[in-house]
Each structure stands twice: as structure tokens, then as C-alpha cells.
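Here is the file run33.txt (compact mmCIF, C-alpha atoms).
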```
# COMPACT_ATOMS: atom_id res chain seq x y z
CA MET A 1 0.00 0.00 0.00
CA SER A 2 2.95 2.27 0.63
CA GLY A 3 3.70 2.29 -3.10
CA ALA A 4 0.22 3.64 -3.82
CA ASP A 5 0.64 6.28 -1.11
CA GLY A 6 3.96 7.29 -2.59
CA SER A 7 2.51 7.71 -6.04
CA LEU A 8 -0.38 9.67 -4.56
CA ALA A 9 2.06 12.11 -3.00
CA THR A 10 4.03 12.29 -6.24
CA ILE A 11 0.93 13.09 -8.26
CA ALA A 12 -0.23 15.65 -5.69
CA ARG A 13 3.14 17.37 -5.78
CA ALA A 14 3.25 17.33 -9.58
CA GLN A 15 -0.26 18.76 -9.83
CA LEU A 16 0.45 21.59 -7.37
CA ALA A 17 3.79 22.36 -9.00
CA ARG A 18 2.13 22.52 -12.40
CA ASP A 19 -0.63 24.85 -11.19
CA PHE A 20 1.78 27.22 -9.49
CA ARG A 21 4.11 27.20 -12.49
CA LEU A 22 1.19 28.04 -14.78
CA VAL A 23 0.19 30.92 -12.53
CA TRP A 24 3.76 32.18 -12.51
CA ARG A 25 3.96 32.05 -16.31
CA ARG A 26 0.76 34.15 -16.47
CA ARG A 27 1.40 36.23 -13.39
CA GLY A 28 -0.14 39.31 -14.99
CA ASP A 29 -3.49 37.54 -15.18
CA ALA A 30 -3.12 36.21 -11.67
CA LEU A 31 -2.45 39.65 -10.29
CA GLN A 32 -5.62 41.11 -11.78
CA PRO A 33 -8.14 40.01 -9.10
CA ILE A 34 -5.79 41.10 -6.34
CA LEU A 35 -5.40 44.52 -7.91
CA PHE A 36 -9.17 44.68 -8.27
CA ALA A 37 -9.66 44.08 -4.55
CA LEU A 38 -7.01 46.66 -3.69
CA LEU A 39 -8.68 49.21 -5.96
CA VAL A 40 -12.09 48.66 -4.38
CA VAL A 41 -10.66 49.15 -0.92
CA VAL A 42 -8.68 52.23 -1.90
CA LEU A 43 -11.64 53.82 -3.69
CA PHE A 44 -13.96 53.69 -0.67
CA PRO A 45 -12.18 56.36 1.39
CA LEU A 46 -12.03 58.54 -1.72
CA ALA A 47 -15.75 58.20 -2.33
CA LEU A 48 -16.94 58.46 1.27
CA GLY A 49 -14.47 61.01 2.57
CA ALA A 50 -11.69 60.26 4.98
CA GLU A 51 -13.78 60.45 8.13
CA PRO A 52 -12.17 57.80 10.39
CA GLN A 53 -15.29 56.82 12.37
CA ARG A 54 -17.42 56.23 9.30
CA LEU A 55 -14.65 54.26 7.52
CA ALA A 56 -13.96 52.19 10.61
CA ARG A 57 -17.63 51.21 10.78
CA ILE A 58 -17.80 49.95 7.19
CA ALA A 59 -14.24 48.58 6.99
CA PRO A 60 -15.01 44.90 7.78
CA GLY A 61 -17.85 44.80 5.25
CA VAL A 62 -15.82 46.52 2.55
CA LEU A 63 -12.86 44.19 2.99
CA TRP A 64 -15.08 41.14 2.93
CA VAL A 65 -16.96 42.24 -0.19
CA ALA A 66 -13.73 43.11 -1.99
CA VAL A 67 -12.22 39.69 -1.24
CA LEU A 68 -15.45 37.90 -2.24
CA LEU A 69 -15.82 39.72 -5.56
CA SER A 70 -12.19 39.28 -6.53
CA GLY A 71 -12.55 35.56 -5.88
CA LEU A 72 -15.61 35.50 -8.10
CA LEU A 73 -13.60 37.09 -10.93
CA THR A 74 -11.27 34.13 -11.31
CA LEU A 75 -13.78 31.40 -10.63
CA ASP A 76 -14.80 31.04 -14.26
CA THR A 77 -11.27 30.12 -15.32
CA LEU A 78 -10.82 27.49 -12.61
CA PHE A 79 -11.55 24.48 -14.84
CA ARG A 80 -12.15 26.07 -18.23
CA GLY A 81 -8.55 25.93 -19.43
CA ASP A 82 -8.21 22.30 -18.39
CA LEU A 83 -11.44 21.41 -20.18
CA GLU A 84 -10.55 23.20 -23.40
CA ASP A 85 -7.04 21.83 -23.85
CA GLY A 86 -7.88 18.26 -22.84
CA SER A 87 -5.96 18.28 -19.55
CA LEU A 88 -9.17 17.37 -17.77
CA GLU A 89 -9.49 14.17 -19.81
CA GLN A 90 -5.98 13.16 -18.83
CA MET A 91 -6.72 14.01 -15.20
CA MET A 92 -9.76 11.72 -15.33
CA LEU A 93 -7.57 8.94 -16.72
CA SER A 94 -5.10 9.26 -13.88
CA ARG A 95 -4.84 6.55 -11.28
CA VAL A 96 -5.76 8.91 -8.46
CA PRO A 97 -9.37 9.98 -7.93
CA LEU A 98 -10.43 13.07 -9.85
CA SER A 99 -11.82 14.56 -6.63
CA LEU A 100 -8.31 14.66 -5.15
CA LEU A 101 -6.92 16.45 -8.21
CA VAL A 102 -9.85 18.86 -8.04
CA ALA A 103 -9.14 19.51 -4.36
CA LEU A 104 -5.52 20.33 -5.21
CA ARG A 105 -6.67 22.62 -7.99
CA ILE A 106 -8.90 24.48 -5.52
CA LEU A 107 -6.05 24.68 -3.02
CA ALA A 108 -3.80 26.24 -5.65
CA HIS A 109 -6.58 28.65 -6.62
CA TRP A 110 -7.06 29.72 -3.00
CA CYS A 111 -3.32 30.16 -2.44
CA VAL A 112 -3.12 32.45 -5.46
CA SER A 113 -6.36 34.41 -5.25
CA ALA A 114 -7.22 34.66 -1.54
CA LEU A 115 -4.06 34.12 0.48
CA PRO A 116 -2.22 37.23 -0.80
CA LEU A 117 -5.26 39.36 0.05
CA ILE A 118 -5.44 37.94 3.56
CA LEU A 119 -1.76 38.70 4.01
CA VAL A 120 -2.22 42.36 3.07
CA THR A 121 -5.43 42.74 5.10
CA PRO A 122 -3.61 44.53 7.98
CA VAL A 123 -2.42 47.18 5.51
CA LEU A 124 -5.85 47.50 3.92
CA GLY A 125 -7.35 47.73 7.42
CA GLU A 126 -5.08 50.69 8.13
CA LEU A 127 -6.32 52.38 4.95
CA LEU A 128 -9.89 52.08 6.24
CA HIS A 129 -9.04 52.99 9.85
CA LEU A 130 -10.03 49.55 11.04
CA PRO A 131 -9.52 49.43 14.83
CA ARG A 132 -6.53 47.21 15.66
CA ALA A 133 -8.66 45.14 18.02
CA LEU A 134 -10.84 44.02 15.10
CA LEU A 135 -7.92 42.68 13.09
CA PRO A 136 -7.83 39.20 14.75
CA PRO A 137 -11.53 38.44 14.17
CA LEU A 138 -11.30 39.82 10.63
CA MET A 139 -8.23 37.77 9.73
CA LEU A 140 -9.72 34.65 11.32
CA SER A 141 -13.03 35.06 9.53
CA LEU A 142 -11.22 35.54 6.20
CA LEU A 143 -8.97 32.53 6.85
CA LEU A 144 -12.02 30.34 7.47
CA GLY A 145 -14.34 31.97 4.97
CA THR A 146 -12.24 32.31 1.81
CA PRO A 147 -11.44 28.59 1.49
CA LEU A 148 -15.15 27.97 1.92
CA LEU A 149 -15.86 30.43 -0.90
CA SER A 150 -13.27 28.72 -3.12
CA LEU A 151 -14.71 25.27 -2.45
CA VAL A 152 -18.35 26.23 -2.96
CA GLY A 153 -17.40 28.34 -5.97
CA ALA A 154 -15.51 25.42 -7.50
CA VAL A 155 -18.66 23.29 -7.47
CA VAL A 156 -20.55 26.02 -9.32
CA ALA A 157 -17.63 26.53 -11.71
CA ALA A 158 -17.58 22.80 -12.45
CA LEU A 159 -21.34 22.81 -13.06
CA THR A 160 -21.12 25.67 -15.55
CA VAL A 161 -17.83 24.78 -17.24
CA GLY A 162 -19.56 23.06 -20.13
CA ILE A 163 -21.45 26.23 -21.01
CA ARG A 164 -19.70 28.85 -23.13
CA ARG A 165 -19.53 32.38 -21.72
CA SER A 166 -20.94 31.21 -18.43
CA GLY A 167 -19.48 34.08 -16.42
CA MET A 168 -22.84 35.70 -15.78
CA LEU A 169 -24.56 32.41 -14.96
CA LEU A 170 -21.71 31.50 -12.65
CA ALA A 171 -22.07 34.75 -10.72
CA VAL A 172 -25.85 34.37 -10.45
CA LEU A 173 -25.52 30.81 -9.18
CA ALA A 174 -22.59 31.41 -6.87
CA LEU A 175 -23.66 34.62 -5.18
CA PRO A 176 -26.60 33.16 -3.20
CA LEU A 177 -24.25 30.47 -1.91
CA PHE A 178 -21.66 33.10 -1.00
CA VAL A 179 -24.14 35.23 0.96
CA PRO A 180 -24.19 33.11 4.15
CA VAL A 181 -20.39 33.07 4.22
CA LEU A 182 -20.35 36.84 3.86
CA VAL A 183 -23.02 37.29 6.52
CA PHE A 184 -21.22 35.14 9.08
CA GLY A 185 -17.76 36.38 8.15
CA ALA A 186 -18.54 40.08 8.25
CA GLY A 187 -21.01 39.46 11.07
CA ALA A 188 -18.32 38.06 13.34
CA VAL A 189 -16.25 41.21 12.91
CA GLU A 190 -19.33 43.39 13.40
CA ALA A 191 -20.14 41.57 16.64
CA ALA A 192 -16.57 42.06 17.82
CA ALA A 193 -16.86 45.78 17.03
CA GLN A 194 -19.90 46.02 19.30
CA GLY A 195 -18.16 44.16 22.07
CA LEU A 196 -20.32 41.06 21.66
CA PRO A 197 -18.98 37.48 21.62
CA TRP A 198 -17.93 36.77 18.06
CA ALA A 199 -16.73 33.19 18.18
CA GLY A 200 -20.11 31.67 17.29
CA ALA A 201 -20.17 32.87 13.70
CA LEU A 202 -16.60 31.64 13.23
CA TYR A 203 -17.55 28.20 14.55
CA LEU A 204 -20.29 28.09 11.94
CA LEU A 205 -17.80 29.08 9.24
CA ALA A 206 -15.41 26.39 10.46
CA ALA A 207 -18.19 23.80 10.38
CA GLY A 208 -19.10 24.86 6.85
CA LEU A 209 -15.47 24.63 5.83
CA ALA A 210 -15.09 21.13 7.28
CA LEU A 211 -18.24 19.99 5.48
CA SER A 212 -17.29 21.51 2.13
CA LEU A 213 -13.69 20.25 2.37
CA VAL A 214 -15.12 16.75 2.22
CA LEU A 215 -18.09 17.24 -0.07
CA ALA A 216 -17.12 20.01 -2.50
CA PRO A 217 -14.28 18.17 -4.29
CA LEU A 218 -16.54 15.13 -4.73
CA ALA A 219 -19.38 17.26 -6.07
CA ALA A 220 -17.07 19.25 -8.36
CA ALA A 221 -15.49 16.05 -9.71
CA THR A 222 -18.94 14.62 -10.46
CA ALA A 223 -19.99 17.84 -12.16
CA LEU A 224 -16.82 17.78 -14.28
CA ARG A 225 -17.54 14.21 -15.36
CA ILE A 226 -20.98 15.33 -16.48
CA ALA A 227 -19.49 18.32 -18.29
CA LEU A 228 -17.17 16.01 -20.23
CA SER A 229 -19.91 13.66 -21.41
CA MET B 1 -22.01 -5.50 -37.25
CA ALA B 2 -18.73 -6.30 -35.56
CA ALA B 3 -16.19 -8.97 -36.27
CA VAL B 4 -15.83 -11.22 -33.27
CA GLN B 5 -12.71 -13.33 -33.32
CA PRO B 6 -12.07 -16.29 -31.08
CA THR B 7 -9.23 -15.73 -28.64
CA PRO B 8 -6.93 -18.35 -27.17
CA ALA B 9 -8.37 -19.76 -23.97
CA ALA B 10 -5.02 -19.49 -22.18
CA ALA B 11 -4.80 -15.71 -22.15
CA PRO B 12 -7.99 -13.77 -21.56
CA PRO B 13 -8.49 -10.93 -24.00
CA LEU B 14 -7.10 -7.64 -22.76
CA LEU B 15 -10.32 -5.95 -23.70
CA ALA B 16 -13.65 -7.54 -24.53
CA CYS B 17 -17.01 -5.91 -25.11
CA ARG B 18 -20.45 -7.43 -25.26
CA GLY B 19 -23.50 -5.57 -26.44
CA LEU B 20 -21.75 -2.26 -25.93
CA ALA B 21 -23.93 0.66 -27.00
CA PHE B 22 -24.06 4.36 -26.43
CA ALA B 23 -26.93 6.73 -26.97
CA ARG B 24 -26.99 10.48 -26.53
CA ASN B 25 -30.42 11.88 -25.67
CA ASP B 26 -31.99 8.59 -26.80
CA GLU B 27 -30.30 8.92 -30.20
CA PRO B 28 -28.14 5.81 -30.70
CA VAL B 29 -24.55 6.81 -31.50
CA PHE B 30 -23.13 3.32 -31.96
CA GLY B 31 -23.71 -0.27 -31.10
CA PRO B 32 -24.54 -2.71 -29.86
CA LEU B 33 -20.97 -3.86 -30.49
CA GLY B 34 -19.09 -6.95 -29.48
CA PHE B 35 -15.40 -7.58 -29.98
CA ALA B 36 -12.39 -8.96 -28.19
CA LEU B 37 -8.84 -7.69 -28.31
CA ALA B 38 -6.14 -10.13 -27.27
CA PRO B 39 -2.75 -9.00 -25.96
CA GLY B 40 -0.53 -8.21 -28.90
CA GLN B 41 -3.40 -7.32 -31.18
CA ALA B 42 -4.44 -4.12 -32.83
CA LEU B 43 -7.97 -3.16 -33.71
CA GLN B 44 -8.71 -0.51 -36.27
CA VAL B 45 -12.08 1.18 -35.96
CA LEU B 46 -13.21 2.41 -39.33
CA GLY B 47 -16.07 4.66 -40.25
CA GLY B 48 -16.86 8.01 -41.77
CA ASN B 49 -17.20 11.27 -39.92
CA GLY B 50 -19.88 11.27 -37.27
CA ARG B 51 -20.14 7.49 -37.03
CA GLY B 52 -19.22 7.39 -33.35
CA LYS B 53 -15.56 6.36 -33.53
CA THR B 54 -14.45 8.94 -31.03
CA THR B 55 -17.43 8.23 -28.80
CA LEU B 56 -16.56 4.53 -28.78
CA LEU B 57 -13.01 5.31 -27.71
CA ARG B 58 -14.20 7.67 -25.00
CA VAL B 59 -16.55 5.00 -23.66
CA LEU B 60 -13.70 2.48 -23.64
CA ALA B 61 -11.47 5.01 -21.89
CA GLY B 62 -14.08 5.40 -19.17
CA LEU B 63 -14.71 9.03 -20.03
CA LEU B 64 -18.33 8.33 -20.98
CA PRO B 65 -20.74 5.87 -19.39
CA ALA B 66 -21.95 3.18 -21.75
CA THR B 67 -25.70 3.10 -22.23
CA ALA B 68 -25.80 -0.68 -22.44
CA GLY B 69 -23.48 -3.65 -22.49
CA GLU B 70 -20.40 -4.53 -20.56
CA VAL B 71 -16.66 -4.22 -20.95
CA ALA B 72 -14.20 -6.76 -19.61
CA PHE B 73 -10.62 -5.72 -18.97
CA GLU B 74 -8.09 -8.55 -18.58
CA GLY B 75 -10.94 -11.02 -18.28
CA ARG B 76 -12.91 -9.18 -15.58
CA VAL B 77 -15.99 -7.06 -16.14
CA VAL B 78 -15.02 -3.62 -14.89
CA ASP B 79 -16.55 -0.22 -14.27
CA ARG B 80 -15.66 3.16 -15.74
CA ASP B 81 -13.03 4.13 -13.20
CA HIS B 82 -11.14 0.90 -13.66
CA LEU B 83 -11.13 1.39 -17.43
CA ALA B 84 -9.81 4.93 -17.03
CA ARG B 85 -6.88 3.73 -14.96
CA GLY B 86 -5.93 0.92 -17.30
CA CYS B 87 -5.52 2.69 -20.60
CA ALA B 88 -3.52 5.38 -22.32
CA PHE B 89 -5.81 7.66 -24.28
CA LEU B 90 -4.81 9.94 -27.10
CA GLY B 91 -7.70 12.14 -28.12
CA HIS B 92 -8.30 15.11 -30.36
CA LEU B 93 -7.29 17.38 -27.50
CA HIS B 94 -3.72 16.74 -26.53
CA GLY B 95 -3.96 17.80 -22.91
CA HIS B 96 -0.86 19.98 -23.05
CA LYS B 97 -0.53 23.28 -21.28
CA GLY B 98 0.59 25.89 -23.78
CA GLU B 99 2.43 27.82 -21.09
CA LEU B 100 4.56 24.83 -20.10
CA SER B 101 7.55 23.57 -22.03
CA THR B 102 7.41 20.22 -23.81
CA LEU B 103 9.54 18.63 -21.12
CA GLU B 104 7.44 20.06 -18.27
CA ASN B 105 4.30 18.79 -19.99
CA LEU B 106 5.75 15.30 -20.31
CA ARG B 107 7.01 15.23 -16.73
CA PHE B 108 3.54 16.12 -15.49
CA ALA B 109 1.93 13.52 -17.76
CA ARG B 110 4.33 10.90 -16.44
CA ALA B 111 3.51 11.75 -12.82
CA LEU B 112 -0.22 11.72 -13.56
CA GLN B 113 -0.11 8.32 -15.26
CA GLY B 114 2.44 6.85 -12.89
CA GLY B 115 4.71 5.92 -15.79
CA THR B 116 8.38 5.16 -15.60
CA GLY B 117 9.83 6.27 -18.94
CA ASP B 118 12.42 8.97 -19.42
CA PRO B 119 10.76 12.16 -20.75
CA GLU B 120 13.89 13.46 -22.52
CA GLN B 121 14.38 10.17 -24.29
CA ALA B 122 10.70 10.06 -25.24
CA LEU B 123 10.99 13.55 -26.76
CA ALA B 124 13.99 12.45 -28.80
CA GLU B 125 12.12 9.37 -30.00
CA VAL B 126 9.28 11.41 -31.44
CA GLY B 127 11.67 13.78 -33.18
CA LEU B 128 11.40 16.69 -30.75
CA ALA B 129 15.00 16.60 -29.53
CA GLY B 130 16.22 20.16 -29.11
CA HIS B 131 12.71 21.38 -28.29
CA GLU B 132 12.87 20.47 -24.59
CA ASP B 133 12.43 24.07 -23.46
CA THR B 134 10.01 25.15 -26.17
CA LEU B 135 6.62 26.19 -24.84
CA ALA B 136 3.93 23.84 -26.11
CA ARG B 137 1.94 26.72 -27.58
CA ARG B 138 4.85 27.53 -29.90
CA LEU B 139 4.74 24.05 -31.45
CA SER B 140 3.03 23.39 -34.76
CA ALA B 141 -0.03 21.13 -34.92
CA GLY B 142 2.11 18.21 -36.06
CA GLN B 143 4.69 18.80 -33.36
CA ASN B 144 1.93 18.94 -30.76
CA LYS B 145 0.72 15.58 -32.00
CA ARG B 146 4.24 14.23 -31.65
CA LEU B 147 4.38 15.54 -28.11
CA ALA B 148 1.15 13.68 -27.37
CA LEU B 149 2.66 10.54 -28.89
CA ALA B 150 5.69 10.94 -26.65
CA ARG B 151 3.32 10.45 -23.72
CA LEU B 152 2.71 6.90 -24.93
CA ARG B 153 6.38 6.13 -24.37
CA LEU B 154 6.08 7.09 -20.71
CA THR B 155 3.00 5.17 -19.69
CA GLY B 156 2.96 1.61 -18.51
CA ALA B 157 -0.59 1.08 -19.79
CA ARG B 158 -1.06 -2.09 -21.82
CA LEU B 159 -4.07 -0.77 -23.69
CA TRP B 160 -3.63 2.19 -26.00
CA LEU B 161 -6.69 4.01 -27.29
CA LEU B 162 -5.63 6.25 -30.15
CA ASP B 163 -8.15 8.56 -31.75
CA GLU B 164 -7.03 9.52 -35.26
CA PRO B 165 -3.34 9.07 -34.43
CA TYR B 166 -2.32 9.94 -37.99
CA ALA B 167 -4.05 13.31 -38.16
CA ASN B 168 -1.80 16.34 -38.72
CA LEU B 169 1.33 14.23 -39.18
CA ASP B 170 3.78 14.26 -42.06
CA LEU B 171 5.06 11.05 -43.66
CA ALA B 172 7.83 10.67 -41.09
CA GLY B 173 5.22 11.18 -38.38
CA ILE B 174 2.99 8.46 -39.83
CA ALA B 175 6.01 6.13 -39.86
CA LEU B 176 6.59 7.11 -36.23
CA VAL B 177 3.03 6.15 -35.22
CA ASN B 178 3.42 2.85 -37.03
CA ARG B 179 6.71 2.17 -35.26
CA LEU B 180 5.21 2.98 -31.84
CA ILE B 181 2.26 0.69 -32.51
CA SER B 182 4.47 -2.14 -33.80
CA GLU B 183 6.72 -1.98 -30.74
CA HIS B 184 3.78 -1.87 -28.36
CA VAL B 185 2.10 -4.82 -30.05
CA ALA B 186 5.38 -6.74 -30.05
CA ALA B 187 5.51 -6.18 -26.27
CA ARG B 188 2.07 -7.86 -25.97
CA GLY B 189 0.24 -4.62 -25.58
CA SER B 190 -2.97 -3.87 -27.42
CA VAL B 191 -3.90 -0.90 -29.56
CA LEU B 192 -7.31 0.32 -30.56
CA LEU B 193 -7.15 3.08 -33.10
CA THR B 194 -9.63 4.96 -35.19
CA THR B 195 -9.11 6.20 -38.71
CA HIS B 196 -11.59 7.30 -41.27
CA GLY B 197 -9.87 5.04 -43.75
CA ALA B 198 -7.71 7.52 -45.65
CA TYR B 199 -4.50 6.17 -44.14
CA ALA B 200 -2.87 2.79 -44.39
CA ALA B 201 -3.26 0.37 -41.53
CA PRO B 202 -0.29 -0.08 -39.20
CA PRO B 203 2.10 -2.87 -40.22
CA VAL B 204 0.84 -5.32 -37.62
CA PRO B 205 -1.97 -7.91 -37.62
CA VAL B 206 -5.04 -5.75 -37.49
CA GLN B 207 -8.68 -6.56 -36.88
CA THR B 208 -11.11 -4.08 -38.23
CA LEU B 209 -14.40 -2.91 -36.87
CA GLU B 210 -16.64 -0.97 -39.19
CA LEU B 211 -18.92 1.52 -37.49
CA GLY B 212 -22.22 2.68 -38.89
CA ALA B 213 -22.02 0.61 -42.04
```
Represent the structure of the file as C-alpha cells.
Amino acid sequence: MSGADGSLATIARAQLARDFRLVWRRRGDALQPILFALLVVVLFPLALGAEPQRLARIAPGVLWVAVLLSGLLTLDTLFRGDLEDGSLEQMMLSRVPLSLLVALRILAHWCVSALPLILVTPVLGELLHLPRALLPPLMLSLLLGTPLLSLVGAVVAALTVGIRRSGMLLAVLALPLFVPVLVFGAGAVEAAAQGLPWAGALYLLAAGLALSLVLAPLAAATALRIALS
Amino acid sequence: MAAVQPTPAAAPPLLACRGLAFARNDEPVFGPLGFALAPGQALQVLGGNGRGKTTLLRVLAGLLPATAGEVAFEGRVVDRDHLARGCAFLGHLHGHKGELSTLENLRFARALQGGTGDPEQALAEVGLAGHEDTLARRLSAGQNKRLALARLRLTGARLWLLDEPYANLDLAGIALVNRLISEHVAARGSVLLTTHGAYAAPPVPVQTLELGA
């Protein structure tokens, strides 16, 4: 059995290395959603005036919406390239389950699209006069919420990958599923701002993440199989 | 409809189908078909455009679920996933990433299939020596086909499913496909290939299966 495990690790490493290398070769494209989120955040103080109290009140919501929308931007390309050039067929013919390869693909997507934004959140928080005390709940809610968005979004992306120009459809289908994540994520920070206990919403996010970590790759793999037939 | 040939009782056929049929939206695409492919045999699927050759190969590769019938692999009736793991499939889409070099593409393909071959040697064998660092999107259509053929040299799969392997290739490329097939068949592997009949059959004992006659 150890041989099978070894090959599993080899394939996982190869798949991740390939995805990151592809992103690096097209780093201009990869940077686009991150720049988009930065722009949204920077534009808010300009539009609303630099009044610290007002900015501080909306900061968690603005940061959450910016991260969510930038994730939505790249969702359409998650599986499209692999479908169009036949890589998906070869992935299905691999000896490891497609759901595992899909999970790795989602992991790579999250590392590229969400992780950099989470890392610069303290800076963006400063821009919006976010109180320092709110940074831990905000970072935690983003760390739990963005993988959940990537996983749920991947299922929708897999469902719509067979349809040409599905960007609009994807957004319409994904947004209702994203709303609870946004409500709990931004809600936790809001509760913390009012001095209320904020752990509950994060527990719910963590539960959702655990559930979708198991189910989303399976569902996305099944949807991809349907898209290929 | 299909030529069924008796196979030696000692070795079970590598691939055997019974009553295999596929329908899309209740429109029959092919079948029911029955054939057996012994180790060391090649089967050429003939038929005009739109006769279901590609669909048949995709069903045999486990990419599509058969509507009816069963497929036995190495003597055992198997499901889709098992089929997918047991074959090397060369389709119309090559499965290369244009932003990766030929060598990077092959290394990934080898990891994915769990093969053991040497990617650099495989590139040389298909006439792409010196193109190791060329991005796949800079290759011509024929060179891309050769890169896909190089993948066959890396896999340990005994069953090759080749969809129009001669398309886009020059005369040397056609000779290359024939050499790959001959060597694989000589090593007791089996090949199932589709052509629409405009090319010569590979220089090995070949059964033929005519679709949609």
C-alpha cells in the first residue's frame, strides 16, 4: 500500500507544481483580481471622505466584499482551461481519484487568489481605519471563509464549465451560496466591534469549511464528469 | 455488425465488449458492439465522420458511461473508473498546457499516469529533440501531435486508445506512429485506433471494426 501512497504524494506534488508554475507564467493575469480588490478598498475612502469613524464602521464589510468579488472574478477560469485543452481528460484517466486532483486545484486557486489578500489585510485595514482590536476576528473570519468560498465556488464553476460564456450564470448561481459566508464572516467582525462574543459565527464558518472540504471536491469532480460527457 | 474473433483460452483478451452501446439523448450513437482484443493485437475502428468512432473510444477510456453492455478488462468485467486507470488515451485534444515547455508537460503527464519512462528520451524518439524548453503553444499542430505521442512512451498502460493518431502528421510522423504501434504490439500490448480510412493500416496484424455501415 505504501507504493500507492507514494505515487499519490508524487501526483499531488506534480499537480500543485504545475498549477503554481502556470500561474507564474501568467502572473499578470493572476495579479488582476488582487489589484481589483485593492482598488475597491482604496476607492472607498475617496468616495466616502476620509472620516475615520465612518470608515472604521464599514471597513469589515468593505474588505469582505472586496475579497469575495475578486474571488468571483477568477472562478470562471478554474476548470475552463483544463477542459478546453484536454488536460481534464488526462486528469480523469489518472490513477488517483479526480476529486483529489480537483481539491488540489482548488487549493492552488485559493493560495493564489485569496491568500495574498489575507496577508495584506492589515495594511488594507489601516487604509480604512479599522480598529486594531478588530484585526484578529477579521483575519480569522477571512482565513475560514475564503477557502469555503473557493470550495463552494468550484462546485458552481464545475457545473457551468460546459457552457460557453458562463461568467454571468456562474455569478448568479454562486452569489446566493456566498451570501451566508459573507453574513457570518462580516457578522463576526461586526459583533466584535460592538463588544459582543464573536466566536459563534466563526464556529459556523469552520463547520461549513469542514463539510465543504469533504463534499465540494466530490461534487465538483462529479460535475466535471458530467461536463465532459 | 462487428467482427468477433475467437481468442486463445489461455490468455484472456485484454479488452472484450459485449452488447456495448451508447446513446446520446436517446439517439443511438453506436452499437450494440461486441469484440475482443487479445494482448498483442491491434484493432482498427473504421467509419466516416460522425459514425461514433471517437465516442466509442471515449466509452472504452471510461470518459463516458456506456448506455448498455459490458466491458471486460483482462478477463474481468469492470466499471468506468477501472477502465480509465488501465488505458492510455490519445484524443483530439492533446492535454498539453501551452504555457509549459514540452519537457514540463511530459514530466507532469508521467507523474499523472504513474509511468516510468524517461521524458527526454521520449521527446527524442518522437523527433522533438532540441525542443525540450520550447513552450507547447509555440509548437506546430504536427509537433503537438508528436508531443502527445511521446506520452505513450512514458505510460505503462497495456491498452492504448488512439483517436485519429495519424491526423496532422507528415510522412515521417505516420512512420513514427506505425513504429510505436508495432513496438507496443510486439511487447504484448494492445492498440485500438480509429481512422476514417484515408490512411494505411499499421504494419501489424489488425482486426477491423466498421462503425455505422
Hey, could you make a per-residue contact list for chain A against chain B with 6 Å as the cut-off, showing the nearest pair of atoms and its distance in Å to one decimal, counting all atoms listed in the file, sorted by chain and number, as CSV?
```
residue,atom,partner,partner_atom,distance
A:Ile11,CA,B:Ala111,CA,5.4
A:Asp85,CA,B:Gly95,CA,5.2
A:Gly86,CA,B:Gly95,CA,3.9
A:Ser87,CA,B:Gly95,CA,3.9
A:Leu93,CA,B:Ala84,CA,4.6
A:Ser94,CA,B:Gln113,CA,5.3
A:Arg95,CA,B:Arg85,CA,5.1
A:Ser229,CA,B:Leu64,CA,5.6
```
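Comparing A:Gly81, A:Ala171, A:Arg105, A:Gln53 by their smallest distance to A:Ala14, the closest is A:Arg105 (using only C-alpha atoms).
In this structure, atom CA of B:Val206 sits 12.1 Å away from atom CA of B:Asn178.
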(message) Taking 5 positions as the minimum chain separation for residues in the same chain, which residues sit within 12 Å of A:Gly200 when counting all atoms listed in the file? Answer as a ChimeraX atom specification.
(response) /A:137,141,184-185,187-189,191-192,205-207
Selection from above, C-alpha atoms, as a compact mmCIF listing (two decimals), keeping the file's coordinate frame, can you write it?
```txt
# COMPACT_ATOMS: atom_id res chain seq x y z
CA PRO A 137 -11.53 38.44 14.17
CA SER A 141 -13.03 35.06 9.53
CA PHE A 184 -21.22 35.14 9.08
CA GLY A 185 -17.76 36.38 8.15
CA GLY A 187 -21.01 39.46 11.07
CA ALA A 188 -18.32 38.06 13.34
CA VAL A 189 -16.25 41.21 12.91
CA ALA A 191 -20.14 41.57 16.64
CA ALA A 192 -16.57 42.06 17.82
CA LEU A 205 -17.80 29.08 9.24
CA ALA A 206 -15.41 26.39 10.46
CA ALA A 207 -18.19 23.80 10.38
```
(message) Set the distance at 8 Å and use only C-alpha atoms: which residues neighbour A:Pro217 once local chain neighbours fewer than 5 positions away are removed? I'd like the list as a list in words.
(response) Ser99, Leu100, Val102, Ala103, Leu151, Val155 and Ser212 of chain A
Take the selection from the previous step and output its residues with C-alpha atoms, as a compact mmCIF listing (two decimals), keeping the file's coordinate frame.
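File written: result.txt
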```txt
# COMPACT_ATOMS: atom_id res chain seq x y z
CA SER A 99 -11.82 14.56 -6.63
CA LEU A 100 -8.31 14.66 -5.15
CA VAL A 102 -9.85 18.86 -8.04
CA ALA A 103 -9.14 19.51 -4.36
CA LEU A 151 -14.71 25.27 -2.45
CA VAL A 155 -18.66 23.29 -7.47
CA SER A 212 -17.29 21.51 2.13
```
(message) Give me, as a list in words, all polymer residues having an atom no more than 9 Å from A:Asp76, counting only C-alpha atoms and skipping those fewer than 6 positions away in the same chain.
(response) Ala154, Ala157, Ala158, Thr160, Val161, Arg165, Ser166, Gly167, Leu170 and Ala171 of chain A
(request) Would you mind listing what lies within 10 Å of stretch 69-79 of chain B as number ranges by chain, with all atoms listed in the file counted and same-chain residues fewer than 2 positions away left out? (result) B: 11-22, 31-39, 59-60, 62, 65-67, 81-84, 86-87, 159
(message) For A:Leu177, find every residue with an atom within 9 Å (counting all atoms listed in the file), except residues of its own chain fewer than 3 positions away, and show them as a VMD selection string.
(response) chain A and resid 149 152 to 153 173 to 174 180 to 181
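Atom CA of A:Trp64 lies 6.9 Å from atom CA of A:Leu182.
Atom pair atom CA of A:Ser7 / atom CA of A:Leu159: separated by 29.1 Å.
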Sorted by chain and rising residue number, list the residues of stretch 155-199 of chain B at most 12 Å from stretch 130-140 of chain B (counting all atoms listed in the file), each with its closest atom pair and distance in Å to one decimal, as CSV.
```
residue,atom,partner,partner_atom,distance
B:Asn168,CA,B:Ser140,CA,9.4
B:Leu169,CA,B:Ser140,CA,10.3
B:Asp170,CA,B:Ser140,CA,11.7
```
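Remark: for A:Cys111, the closest of the candidate residues A:Val40, A:Ala221, A:Leu88, A:Leu143 is A:Leu143 (distances computed over only C-alpha atoms).
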(request) Check the smallest atom-to-atom distance from each of B:Leu103, B:Leu192, B:Val126, B:Leu161 to B:Leu180 using only C-alpha atoms, then report the winner. (result)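 Distance minimum relative to B:Leu180 lands on B:Val126.
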(message) I need the residue nearest A:Leu39 from this list: A:Ile226, A:Leu69, A:Ala210, A:Leu115. Use all atoms listed in the file for the distance.
(response)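 Counting all atoms listed in the file, the residue closest to A:Leu39 is A:Leu69.
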(message) Nearest residue to B:Glu183 out of B:Asn144, B:Asn25, B:Gln41, B:Thr102, using all atoms listed in the file?
(response)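 Selected residue with least distance to B:Glu183: B:Gln41.
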